[in-house]
$ cat model-v5.cif   # mmCIF, C-alpha atoms
data_upload
loop_
_atom_site.group_PDB
_atom_site.id
_atom_site.type_symbol
_atom_site.label_atom_id
_atom_site.label_comp_id
_atom_site.auth_asym_id
_atom_site.auth_seq_id
_atom_site.Cartn_x
_atom_site.Cartn_y
_atom_site.Cartn_z
ATOM 1 C CA MET F 11 7.100 10.361 21.578
ATOM 2 C CA SER F 12 9.994 9.373 19.334
ATOM 3 C CA PHE F 13 11.059 6.165 17.613
ATOM 4 C CA LYS F 14 13.958 4.681 15.701
ATOM 5 C CA PRO F 15 13.785 5.297 11.924
ATOM 6 C CA PHE F 16 12.794 2.309 9.823
ATOM 7 C CA SER F 17 11.764 1.430 6.265
ATOM 8 C CA VAL F 18 8.881 -0.502 4.741
ATOM 9 C CA VAL F 19 9.139 -2.189 1.336
ATOM 10 C CA ALA F 20 5.969 -3.297 -0.481
ATOM 11 C CA PRO F 21 5.749 -5.099 -3.844
ATOM 12 C CA ALA F 22 3.586 -4.420 -6.874
ATOM 13 C CA SER F 23 0.930 -6.954 -7.813
ATOM 14 C CA THR F 24 -1.290 -8.115 -10.615
ATOM 15 C CA ALA F 25 -4.862 -9.099 -9.842
ATOM 16 C CA ASN F 26 -7.712 -11.212 -11.193
ATOM 17 C CA LEU F 27 -5.552 -13.332 -13.558
ATOM 18 C CA GLY F 28 -8.631 -13.531 -15.753
ATOM 19 C CA PRO F 29 -11.621 -15.143 -14.007
ATOM 20 C CA GLY F 30 -10.363 -14.658 -10.434
ATOM 21 C CA TYR F 31 -12.127 -11.305 -10.219
ATOM 22 C CA ASP F 32 -11.451 -9.493 -6.919
ATOM 23 C CA SER F 33 -10.100 -12.706 -5.372
ATOM 24 C CA LEU F 34 -6.782 -13.706 -6.975
ATOM 25 C CA GLY F 35 -3.526 -11.776 -6.712
ATOM 26 C CA LEU F 36 0.132 -12.277 -7.539
ATOM 27 C CA ALA F 37 3.027 -10.287 -6.077
ATOM 28 C CA LEU F 38 5.561 -8.890 -8.542
ATOM 29 C CA PRO F 39 9.146 -7.691 -7.900
ATOM 30 C CA ILE F 40 8.588 -3.977 -8.493
ATOM 31 C CA TYR F 41 8.809 -2.127 -5.208
ATOM 32 C CA GLN F 42 7.716 0.878 -3.189
ATOM 33 C CA THR F 43 10.069 1.821 -0.348
ATOM 34 C CA VAL F 44 8.924 4.142 2.431
ATOM 35 C CA LYS F 45 11.500 5.572 4.834
ATOM 36 C CA ILE F 46 9.940 6.588 8.151
ATOM 37 C CA GLU F 47 11.574 8.994 10.592
ATOM 38 C CA PRO F 48 10.375 11.143 13.518
ATOM 39 C CA SER F 49 8.909 14.533 12.681
ATOM 40 C CA ASP F 50 6.883 17.353 14.231
ATOM 41 C CA SER F 51 3.984 16.652 11.829
ATOM 42 C CA TRP F 52 2.799 14.059 9.330
ATOM 43 C CA ARG F 53 4.174 14.672 5.841
ATOM 44 C CA VAL F 54 5.009 12.656 2.756
ATOM 45 C CA GLU F 55 7.703 13.368 0.184
ATOM 46 C CA TYR F 56 8.057 11.446 -3.091
ATOM 47 C CA VAL F 57 11.355 10.904 -4.892
ATOM 48 C CA GLN F 58 10.099 10.204 -8.422
ATOM 49 C CA ARG F 59 8.667 12.970 -10.582
ATOM 50 C CA GLU F 60 5.629 10.853 -11.558
ATOM 51 C CA HIS F 61 4.486 10.782 -7.946
ATOM 52 C CA GLN F 62 4.768 14.511 -7.251
ATOM 53 C CA THR F 63 1.054 14.964 -7.957
ATOM 54 C CA LEU F 64 0.144 12.817 -4.954
ATOM 55 C CA PRO F 65 -0.781 14.692 -1.760
ATOM 56 C CA GLY F 66 1.958 15.209 0.806
ATOM 57 C CA ASP F 67 -0.361 15.813 3.735
ATOM 58 C CA GLU F 68 -3.028 13.852 5.576
ATOM 59 C CA LYS F 69 -4.964 13.294 2.338
ATOM 60 C CA ASN F 70 -2.221 10.877 1.311
ATOM 61 C CA LEU F 71 -3.396 7.259 1.143
ATOM 62 C CA ILE F 72 -0.536 5.995 3.328
ATOM 63 C CA ILE F 73 -1.429 8.431 6.096
ATOM 64 C CA GLN F 74 -5.152 7.764 5.665
ATOM 65 C CA THR F 75 -4.372 4.081 6.230
ATOM 66 C CA VAL F 76 -2.390 4.888 9.370
ATOM 67 C CA ARG F 77 -5.381 6.886 10.605
ATOM 68 C CA HIS F 78 -7.685 3.942 9.888
ATOM 69 C CA VAL F 79 -5.533 1.659 12.045
ATOM 70 C CA GLU F 80 -5.341 4.275 14.812
ATOM 71 C CA LYS F 81 -9.129 4.484 14.890
ATOM 72 C CA LYS F 82 -9.538 0.691 14.950
ATOM 73 C CA PHE F 83 -7.268 0.331 17.990
ATOM 74 C CA ASN F 84 -8.026 3.670 19.658
ATOM 75 C CA LYS F 85 -4.363 4.628 19.688
ATOM 76 C CA ILE F 86 -2.373 7.550 18.253
ATOM 77 C CA CYS F 87 0.899 7.208 16.349
ATOM 78 C CA PRO F 88 3.762 9.652 16.831
ATOM 79 C CA PHE F 89 4.256 12.090 13.949
ATOM 80 C CA ALA F 90 6.458 10.894 11.122
ATOM 81 C CA LYS F 91 7.994 12.066 7.880
ATOM 82 C CA LEU F 92 7.603 9.529 5.058
ATOM 83 C CA THR F 93 10.003 9.553 2.128
ATOM 84 C CA VAL F 94 8.630 7.387 -0.664
ATOM 85 C CA GLU F 95 10.638 5.942 -3.531
ATOM 86 C CA SER F 96 8.466 3.837 -5.823
ATOM 87 C CA ASP F 97 9.016 2.057 -9.110
ATOM 88 C CA ILE F 98 5.348 0.992 -9.223
ATOM 89 C CA PRO F 99 3.638 3.053 -11.952
ATOM 90 C CA LEU F 100 0.503 4.900 -10.893
ATOM 91 C CA SER F 101 -2.964 3.991 -12.197
ATOM 92 C CA ARG F 102 -1.634 1.169 -14.386
ATOM 93 C CA GLY F 103 -3.270 -1.871 -12.771
ATOM 94 C CA LEU F 104 -0.156 -2.908 -10.845
ATOM 95 C CA GLY F 105 -1.308 -2.330 -7.281
ATOM 96 C CA SER F 106 0.188 1.073 -6.472
ATOM 97 C CA SER F 107 -2.732 1.825 -4.121
ATOM 98 C CA ALA F 108 -2.459 -1.610 -2.537
ATOM 99 C CA ALA F 109 1.251 -1.036 -1.886
ATOM 100 C CA ALA F 110 0.436 2.299 -0.237
ATOM 101 C CA ILE F 111 -2.219 0.688 1.971
ATOM 102 C CA SER F 112 0.091 -2.219 2.832
ATOM 103 C CA SER F 113 2.826 0.228 3.787
ATOM 104 C CA GLY F 114 0.462 2.304 5.919
ATOM 105 C CA ILE F 115 -0.646 -0.751 7.878
ATOM 106 C CA SER F 116 2.938 -1.885 8.507
ATOM 107 C CA ILE F 117 3.904 1.638 9.586
ATOM 108 C CA ALA F 118 1.010 1.835 12.060
ATOM 109 C CA ASP F 119 1.708 -1.691 13.288
ATOM 110 C CA GLN F 120 5.296 -0.718 14.089
ATOM 111 C CA LEU F 121 4.586 2.706 15.586
ATOM 112 C CA LEU F 122 1.739 1.401 17.755
ATOM 113 C CA ASP F 123 3.495 -1.872 18.679
ATOM 114 C CA LEU F 124 0.442 -3.915 17.658
ATOM 115 C CA SER F 125 2.192 -7.115 16.495
ATOM 116 C CA LEU F 126 -0.519 -7.730 13.895
ATOM 117 C CA SER F 127 -0.649 -11.082 12.150
ATOM 118 C CA GLN F 128 -0.467 -11.203 8.362
ATOM 119 C CA GLU F 129 -4.171 -12.033 8.116
ATOM 120 C CA GLU F 130 -5.068 -9.154 10.448
ATOM 121 C CA LYS F 131 -3.105 -6.798 8.202
ATOM 122 C CA ILE F 132 -4.900 -8.085 5.102
ATOM 123 C CA PHE F 133 -8.262 -7.646 6.842
ATOM 124 C CA LEU F 134 -7.452 -4.011 7.658
ATOM 125 C CA ALA F 135 -6.327 -3.496 4.083
ATOM 126 C CA CYS F 136 -9.596 -4.955 2.780
ATOM 127 C CA GLU F 137 -11.504 -2.475 4.924
ATOM 128 C CA MET F 138 -9.640 0.286 3.087
ATOM 129 C CA GLU F 139 -9.617 -1.185 -0.433
ATOM 130 C CA GLY F 140 -12.913 -3.080 -0.424
ATOM 131 C CA HIS F 141 -11.522 -6.269 -1.984
ATOM 132 C CA PRO F 142 -8.536 -8.512 -1.198
ATOM 133 C CA ASP F 143 -6.842 -9.309 -4.520
ATOM 134 C CA ASN F 144 -4.003 -6.744 -4.726
ATOM 135 C CA VAL F 145 -3.637 -6.041 -1.000
ATOM 136 C CA SER F 146 -3.324 -9.718 -0.085
ATOM 137 C CA ALA F 147 -0.532 -10.168 -2.622
ATOM 138 C CA SER F 148 1.231 -6.983 -1.539
ATOM 139 C CA ILE F 149 1.140 -7.915 2.150
ATOM 140 C CA ALA F 150 1.706 -11.686 1.967
ATOM 141 C CA GLY F 151 3.562 -12.123 -1.335
ATOM 142 C CA GLY F 152 3.198 -15.105 -3.623
ATOM 143 C CA PHE F 153 -0.022 -16.206 -5.291
ATOM 144 C CA THR F 154 -2.981 -15.285 -3.108
ATOM 145 C CA VAL F 155 -6.512 -16.682 -3.106
ATOM 146 C CA SER F 156 -8.958 -14.721 -0.964
ATOM 147 C CA ARG F 157 -12.579 -14.059 -0.135
ATOM 148 C CA TYR F 158 -13.692 -10.932 1.724
ATOM 149 C CA ALA F 159 -17.418 -10.504 2.354
ATOM 150 C CA ASP F 160 -19.753 -9.430 5.162
ATOM 151 C CA GLY F 161 -16.849 -8.465 7.387
ATOM 152 C CA ASN F 162 -15.149 -11.846 7.072
ATOM 153 C CA LEU F 163 -11.862 -12.714 5.383
ATOM 154 C CA ASP F 164 -10.369 -16.009 4.240
ATOM 155 C CA THR F 165 -7.021 -15.715 2.507
ATOM 156 C CA ILE F 166 -4.218 -18.084 1.488
ATOM 157 C CA SER F 167 -0.778 -17.262 0.093
ATOM 158 C CA VAL F 168 1.163 -19.898 -1.838
ATOM 159 C CA PRO F 169 4.603 -19.579 -3.476
ATOM 160 C CA VAL F 170 4.563 -20.306 -7.198
ATOM 161 C CA SER F 171 7.343 -20.819 -9.728
ATOM 162 C CA GLY F 172 8.097 -22.061 -13.220
ATOM 163 C CA PHE F 173 6.570 -19.131 -15.084
ATOM 164 C CA SER F 174 7.137 -15.435 -15.701
ATOM 165 C CA VAL F 175 4.792 -12.467 -15.984
ATOM 166 C CA ILE F 176 5.591 -10.148 -18.872
ATOM 167 C CA VAL F 177 3.859 -6.862 -18.097
ATOM 168 C CA LEU F 178 3.131 -4.378 -20.871
ATOM 169 C CA VAL F 179 2.720 -0.940 -19.302
ATOM 170 C CA PRO F 180 1.243 1.785 -21.537
ATOM 171 C CA HIS F 181 2.019 5.472 -21.143
ATOM 172 C CA THR F 182 -1.666 6.199 -20.564
ATOM 173 C CA THR F 183 -3.431 5.727 -17.234
ATOM 174 C CA LEU F 184 -6.824 4.281 -16.358
ATOM 175 C CA GLU F 185 -8.609 5.000 -13.092
ATOM 176 C CA THR F 186 -9.935 1.894 -11.332
ATOM 177 C CA LYS F 187 -13.260 3.637 -10.707
ATOM 178 C CA GLU F 188 -13.758 4.167 -14.438
ATOM 179 C CA ALA F 189 -12.868 0.548 -15.226
ATOM 180 C CA ARG F 190 -15.291 -0.724 -12.565
ATOM 181 C CA GLU F 191 -18.211 1.352 -13.778
ATOM 182 C CA VAL F 192 -18.526 -0.616 -17.042
ATOM 183 C CA ILE F 193 -19.010 -3.941 -15.251
ATOM 184 C CA PRO F 194 -22.684 -4.928 -14.886
ATOM 185 C CA LYS F 195 -24.045 -5.302 -11.370
ATOM 186 C CA ILE F 196 -25.836 -8.534 -12.297
ATOM 187 C CA VAL F 197 -24.054 -11.411 -14.053
ATOM 188 C CA GLU F 198 -25.947 -13.921 -16.190
ATOM 189 C CA HIS F 199 -26.102 -17.263 -14.360
ATOM 190 C CA ARG F 200 -24.372 -19.430 -16.965
ATOM 191 C CA GLY F 201 -21.570 -16.889 -17.377
ATOM 192 C CA ALA F 202 -21.025 -16.801 -13.624
ATOM 193 C CA VAL F 203 -20.938 -20.606 -13.402
ATOM 194 C CA MET F 204 -18.485 -20.945 -16.282
ATOM 195 C CA SER F 205 -16.208 -18.162 -14.995
ATOM 196 C CA SER F 206 -16.238 -19.636 -11.481
ATOM 197 C CA ALA F 207 -15.308 -23.022 -12.921
ATOM 198 C CA ALA F 208 -12.484 -21.431 -14.907
ATOM 199 C CA GLY F 209 -11.221 -19.731 -11.747
ATOM 200 C CA ASN F 210 -11.217 -23.041 -9.886
ATOM 201 C CA VAL F 211 -9.269 -24.772 -12.662
ATOM 202 C CA LEU F 212 -6.871 -21.826 -12.843
ATOM 203 C CA VAL F 213 -5.954 -22.092 -9.162
ATOM 204 C CA ALA F 214 -5.494 -25.865 -9.164
ATOM 205 C CA SER F 215 -3.519 -25.996 -12.398
ATOM 206 C CA LEU F 216 -1.260 -23.032 -11.562
ATOM 207 C CA LEU F 217 -0.362 -24.616 -8.217
ATOM 208 C CA THR F 218 0.427 -27.962 -9.854
ATOM 209 C CA GLY F 219 2.480 -26.487 -12.679
ATOM 210 C CA GLN F 220 0.029 -27.410 -15.442
ATOM 211 C CA PHE F 221 0.526 -24.124 -17.229
ATOM 212 C CA ASN F 222 -1.239 -24.900 -20.498
ATOM 213 C CA LYS F 223 -4.356 -25.885 -18.564
ATOM 214 C CA ALA F 224 -3.997 -22.786 -16.379
ATOM 215 C CA GLY F 225 -3.716 -20.649 -19.498
ATOM 216 C CA ARG F 226 -6.920 -22.009 -21.007
ATOM 217 C CA ALA F 227 -8.764 -21.219 -17.787
ATOM 218 C CA MET F 228 -7.267 -17.729 -17.530
ATOM 219 C CA MET F 229 -8.617 -16.898 -20.980
ATOM 220 C CA GLN F 230 -12.220 -17.861 -20.120
ATOM 221 C CA ASP F 231 -13.372 -14.921 -18.038
ATOM 222 C CA GLU F 232 -16.858 -13.451 -18.356
ATOM 223 C CA PHE F 233 -16.878 -11.446 -15.123
ATOM 224 C CA HIS F 234 -14.974 -8.354 -16.238
ATOM 225 C CA GLU F 235 -12.630 -8.615 -19.239
ATOM 226 C CA PRO F 236 -15.316 -8.592 -21.987
ATOM 227 C CA HIS F 237 -16.879 -5.487 -20.440
ATOM 228 C CA ARG F 238 -13.538 -3.678 -20.247
ATOM 229 C CA SER F 239 -12.252 -4.611 -23.696
ATOM 230 C CA SER F 240 -13.023 -1.194 -25.180
ATOM 231 C CA PHE F 241 -10.316 0.306 -22.941
ATOM 232 C CA PHE F 242 -7.671 -1.954 -24.549
ATOM 233 C CA PRO F 243 -7.414 -1.453 -28.332
ATOM 234 C CA ASP F 244 -4.187 -3.500 -28.534
ATOM 235 C CA LEU F 245 -5.359 -6.423 -26.409
ATOM 236 C CA ALA F 246 -6.395 -8.687 -29.293
ATOM 237 C CA ASP F 247 -3.094 -8.137 -31.135
ATOM 238 C CA ILE F 248 -1.075 -8.653 -27.954
ATOM 239 C CA LYS F 249 -2.910 -11.926 -27.308
ATOM 240 C CA LYS F 250 -2.339 -13.131 -30.860
ATOM 241 C CA THR F 251 1.378 -12.308 -30.814
ATOM 242 C CA ALA F 252 2.085 -13.589 -27.308
ATOM 243 C CA LEU F 253 0.273 -16.893 -27.723
ATOM 244 C CA ALA F 254 1.897 -17.509 -31.109
ATOM 245 C CA GLU F 255 5.337 -16.972 -29.582
ATOM 246 C CA GLY F 256 4.840 -19.384 -26.675
ATOM 247 C CA ALA F 257 2.926 -17.593 -23.902
ATOM 248 C CA PHE F 258 0.214 -19.625 -22.189
ATOM 249 C CA ALA F 259 -2.132 -16.750 -21.208
ATOM 250 C CA VAL F 260 -2.784 -13.035 -21.634
ATOM 251 C CA THR F 261 -5.001 -11.079 -19.216
ATOM 252 C CA ILE F 262 -5.750 -7.537 -18.165
ATOM 253 C CA SER F 263 -3.631 -6.687 -15.113
ATOM 254 C CA GLY F 264 -6.125 -5.738 -12.431
ATOM 255 C CA ALA F 265 -8.349 -3.008 -13.842
ATOM 256 C CA GLY F 266 -5.708 -2.113 -16.438
ATOM 257 C CA PRO F 267 -4.453 -0.499 -18.539
ATOM 258 C CA SER F 268 -1.405 -2.773 -18.199
ATOM 259 C CA ILE F 269 -1.551 -6.175 -19.866
ATOM 260 C CA ALA F 270 -0.100 -9.294 -18.190
ATOM 261 C CA VAL F 271 1.370 -12.038 -20.393
ATOM 262 C CA TYR F 272 2.171 -15.397 -18.773
ATOM 263 C CA ALA F 273 4.881 -17.674 -20.144
ATOM 264 C CA GLU F 274 6.870 -20.609 -18.855
ATOM 265 C CA ASN F 275 10.360 -19.494 -17.911
ATOM 266 C CA VAL F 276 11.930 -21.334 -20.836
ATOM 267 C CA ASN F 277 9.855 -19.201 -23.248
ATOM 268 C CA ALA F 278 9.625 -15.908 -21.379
ATOM 269 C CA ARG F 279 12.677 -14.126 -22.778
ATOM 270 C CA HIS F 280 11.693 -14.875 -26.360
ATOM 271 C CA VAL F 281 8.077 -13.807 -25.788
ATOM 272 C CA ALA F 282 9.178 -10.554 -24.145
ATOM 273 C CA SER F 283 11.580 -9.809 -26.999
ATOM 274 C CA GLU F 284 8.903 -10.324 -29.640
ATOM 275 C CA LEU F 285 6.452 -8.131 -27.768
ATOM 276 C CA GLU F 286 9.061 -5.382 -27.384
ATOM 277 C CA SER F 287 9.747 -5.368 -31.116
ATOM 278 C CA LYS F 288 6.059 -5.127 -32.051
ATOM 279 C CA PHE F 289 4.504 -2.980 -29.312
ATOM 280 C CA GLU F 290 6.834 -0.016 -28.987
ATOM 281 C CA ASP F 291 4.300 2.155 -27.141
ATOM 282 C CA TYR F 292 4.597 -0.027 -24.037
ATOM 283 C CA THR F 293 7.269 -0.372 -21.375
ATOM 284 C CA ILE F 294 7.770 -4.105 -20.957
ATOM 285 C CA HIS F 295 8.893 -5.855 -17.765
ATOM 286 C CA ASN F 296 9.779 -9.555 -17.722
ATOM 287 C CA LEU F 297 9.192 -10.584 -14.102
ATOM 288 C CA LEU F 298 9.236 -13.660 -11.913
ATOM 289 C CA PRO F 299 6.489 -13.852 -9.269
ATOM 290 C CA SER F 300 7.685 -12.610 -5.889
ATOM 291 C CA ASP F 301 7.250 -14.757 -2.783
ATOM 292 C CA LYS F 302 8.118 -11.750 -0.637
ATOM 293 C CA GLY F 303 5.336 -9.478 0.573
ATOM 294 C CA THR F 304 5.639 -6.271 2.603
ATOM 295 C CA VAL F 305 8.693 -6.250 4.878
ATOM 296 C CA LEU F 306 9.966 -3.837 7.485
ATOM 297 C CA TYR F 307 13.626 -2.948 7.970
ATOM 298 C CA GLU F 308 15.589 -0.994 10.526
ATOM 299 C CA ARG F 309 17.131 2.028 8.878
ATOM 300 C CA ASN F 310 20.727 1.669 7.680
ATOM 301 C CA GLU F 311 21.184 -1.788 9.177
ATOM 302 C CA ASN F 312 19.436 -3.915 6.548
ATOM 303 C CA HIS F 313 17.831 -5.811 9.392
ATOM 304 C CA LEU F 314 14.479 -7.510 8.851
ATOM 305 C CA PHE F 315 12.084 -7.327 11.800
ATOM 306 C CA ALA F 316 10.700 -10.715 12.841
#

$ encode --input "model-v5.cif" --output "structure tokens"
Amino acid sequence: MSFKPFSVVAPASTANLGPGYDSLGLALPIYQTVKIEPSDSWRVEYVQREHQTLPGDEKNLIIQTVRHVEKKFNKICPFAKLTVESDIPLSRGLGSSAAAISSGISIADQLLDLSLSQEEKIFLACEMEGHPDNVSASIAGGFTVSRYADGNLDTISVPVSGFSVIVLVPHTTLETKEAREVIPKIVEHRGAVMSSAAGNVLVASLLTGQFNKAGRAMMQDEFHEPHRSSFFPDLADIKKTALAEGAFAVTISGAGPSIAVYAENVNARHVASELESKFEDYTIHNLLPSDKGTVLYERNENHLFA
């Protein structure tokens, strides 16, 4: 069985935003593009050198995701060659795995003619990832608020504007598994209450453009950031510099090791410039949130599937 070649484009994302642990995500305009064409076997080829260590066979996360969808719907996709070009750095807390999972679901959806809804795609992604923060943002775009538990998913995507995310990406990597292992399984009651309250204020204030209030809430996490602080020797200095120069919040991006600095658009360029001059060991991206999630295009026609 053959098919017309097509492409899938998935964005990077930052997750948690402080106290929104495993539930809040934000899509960012750094992209992974997968070109899909008929083949006599499944194989994956990466363009960038950084990604050459990733498996090119059925151990690849994109193909594993396709297999997961096949199993769910008891259908088999035709073989395909995947050519992946990605600007999303690996193991840096910017949703590279989520983008791969999002792409795999869109590929299977197209090859199997499933016509999945956005929420159905996010649910499948949660089954793969275990939590909805990055995958919801990668699939839906925008600012996502989600809960996935006991086989049930509730997720909302909202466009946001008025602020930028300045991402400091170190040259070192940090595996999500390692960053999760330091988080205690049981959270002290008062800490959980206060962090939940901060997360609630964060959502409401970010959606209403009250960025100073959002920033205060984003800096009041007790779920994960205090337990991960030993992985981030520069975090305190980055916070001090960024806040002094006009940023309204600084958080760990996902599990790290990237750091996300939030600033109103009027201040973002200045904040990014000051951070670049002081923290030379980081690659710094000054980004606007992306309202666009994962999209599928016909090859060579720049046509977006409905």

$ axis_aligned_box --input "model-v5.cif" --around "range 256-261 of chain F" --padding-each-side "5 Å" --output "AutoDock Vina command-line options"
--center_x -0.1 --center_y -15.4 --center_z -22.9 --size_x 19.8 --size_y 18.5 --size_z 17.5

$ closest_residue --input "model-v5.cif" --among "F:Ser300, F:Asn84, F:Ser174, F:Ser49" --to "Leu36 in chain F" --atoms "all atoms listed in the file"
F:Ser300

$ atom_distance --input "model-v5.cif" --atom1 "CA of Glu139 in chain F" --atom2 "CA of Ala110 in chain F"
10.6 Å

$ closest_residue --input "model-v5.cif" --among "F:Ala109, F:Ala189, F:Ala150, F:Leu34" --to "Asn210 in chain F" --atoms "all atoms listed in the file"
F:Leu34

$ closest_residue --input "model-v5.cif" --among "F:Ala207, F:Ala214, F:Leu306, F:Leu253" --to "Thr43 in chain F" --atoms "all atoms listed in the file"
F:Leu306

$ build_atoms --input "model-v5.cif" --residues "range 268-293 of chain F" --atoms "N, CA and C atoms" --output "mmCIF file, keeping the file's coordinate frame"
data_model
loop_
_atom_site.group_PDB
_atom_site.id
_atom_site.type_symbol
_atom_site.label_atom_id
_atom_site.label_comp_id
_atom_site.auth_asym_id
_atom_site.auth_seq_id
_atom_site.Cartn_x
_atom_site.Cartn_y
_atom_site.Cartn_z
ATOM 1 N N SER F 268 -2.493 -1.850 -17.890
ATOM 2 C CA SER F 268 -1.405 -2.773 -18.199
ATOM 3 C C SER F 268 -1.954 -4.146 -18.585
ATOM 4 N N ILE F 269 -1.199 -4.836 -19.413
ATOM 5 C CA ILE F 269 -1.551 -6.175 -19.866
ATOM 6 C C ILE F 269 -0.518 -7.148 -19.305
ATOM 7 N N ALA F 270 -0.990 -8.273 -18.752
ATOM 8 C CA ALA F 270 -0.100 -9.294 -18.190
ATOM 9 C C ALA F 270 -0.062 -10.503 -19.115
ATOM 10 N N VAL F 271 1.144 -10.872 -19.529
ATOM 11 C CA VAL F 271 1.370 -12.038 -20.393
ATOM 12 C C VAL F 271 2.103 -13.089 -19.560
ATOM 13 N N TYR F 272 1.608 -14.313 -19.581
ATOM 14 C CA TYR F 272 2.171 -15.397 -18.773
ATOM 15 C C TYR F 272 2.858 -16.401 -19.680
ATOM 16 N N ALA F 273 4.106 -16.728 -19.339
ATOM 17 C CA ALA F 273 4.881 -17.674 -20.144
ATOM 18 C C ALA F 273 5.755 -18.517 -19.234
ATOM 19 N N GLU F 274 5.908 -19.787 -19.589
ATOM 20 C CA GLU F 274 6.870 -20.609 -18.855
ATOM 21 C C GLU F 274 8.245 -19.979 -18.976
ATOM 22 N N ASN F 275 9.061 -20.169 -17.949
ATOM 23 C CA ASN F 275 10.360 -19.494 -17.911
ATOM 24 C C ASN F 275 11.217 -19.775 -19.139
ATOM 25 N N VAL F 276 11.119 -20.980 -19.681
ATOM 26 C CA VAL F 276 11.930 -21.334 -20.836
ATOM 27 C C VAL F 276 11.552 -20.501 -22.065
ATOM 28 N N ASN F 277 10.329 -19.978 -22.101
ATOM 29 C CA ASN F 277 9.855 -19.201 -23.248
ATOM 30 C C ASN F 277 9.802 -17.703 -22.993
ATOM 31 N N ALA F 278 9.946 -17.285 -21.750
ATOM 32 C CA ALA F 278 9.625 -15.908 -21.379
ATOM 33 C C ALA F 278 10.499 -14.882 -22.079
ATOM 34 N N ARG F 279 11.791 -15.119 -22.164
ATOM 35 C CA ARG F 279 12.677 -14.126 -22.778
ATOM 36 C C ARG F 279 12.328 -13.913 -24.247
ATOM 37 N N HIS F 280 12.054 -14.986 -24.947
ATOM 38 C CA HIS F 280 11.693 -14.875 -26.360
ATOM 39 C C HIS F 280 10.372 -14.129 -26.519
ATOM 40 N N VAL F 281 9.377 -14.472 -25.696
ATOM 41 C CA VAL F 281 8.077 -13.807 -25.788
ATOM 42 C C VAL F 281 8.228 -12.314 -25.516
ATOM 43 N N ALA F 282 8.979 -11.961 -24.482
ATOM 44 C CA ALA F 282 9.178 -10.554 -24.145
ATOM 45 C C ALA F 282 9.861 -9.804 -25.280
ATOM 46 N N SER F 283 10.861 -10.437 -25.894
ATOM 47 C CA SER F 283 11.580 -9.809 -26.999
ATOM 48 C C SER F 283 10.669 -9.541 -28.188
ATOM 49 N N GLU F 284 9.828 -10.498 -28.517
ATOM 50 C CA GLU F 284 8.903 -10.324 -29.640
ATOM 51 C C GLU F 284 7.876 -9.232 -29.352
ATOM 52 N N LEU F 285 7.412 -9.168 -28.127
ATOM 53 C CA LEU F 285 6.452 -8.131 -27.768
ATOM 54 C C LEU F 285 7.100 -6.747 -27.806
ATOM 55 N N GLU F 286 8.346 -6.662 -27.347
ATOM 56 C CA GLU F 286 9.061 -5.382 -27.384
ATOM 57 C C GLU F 286 9.227 -4.877 -28.808
ATOM 58 N N SER F 287 9.512 -5.777 -29.728
ATOM 59 C CA SER F 287 9.747 -5.368 -31.116
ATOM 60 C C SER F 287 8.465 -4.922 -31.816
ATOM 61 N N LYS F 288 7.317 -5.428 -31.366
ATOM 62 C CA LYS F 288 6.059 -5.127 -32.051
ATOM 63 C C LYS F 288 5.250 -4.035 -31.367
ATOM 64 N N PHE F 289 5.348 -3.926 -30.047
ATOM 65 C CA PHE F 289 4.504 -2.980 -29.312
ATOM 66 C C PHE F 289 5.395 -1.936 -28.633
ATOM 67 N N GLU F 290 5.847 -0.996 -29.436
ATOM 68 C CA GLU F 290 6.834 -0.016 -28.987
ATOM 69 C C GLU F 290 6.247 1.038 -28.058
ATOM 70 N N ASP F 291 4.924 1.149 -28.001
ATOM 71 C CA ASP F 291 4.300 2.155 -27.141
ATOM 72 C C ASP F 291 4.168 1.692 -25.695
ATOM 73 N N TYR F 292 4.680 0.521 -25.389
ATOM 74 C CA TYR F 292 4.597 -0.027 -24.037
ATOM 75 C C TYR F 292 5.994 -0.179 -23.440
ATOM 76 N N THR F 293 6.085 0.042 -22.127
ATOM 77 C CA THR F 293 7.269 -0.372 -21.375
ATOM 78 C C THR F 293 7.026 -1.802 -20.919
#
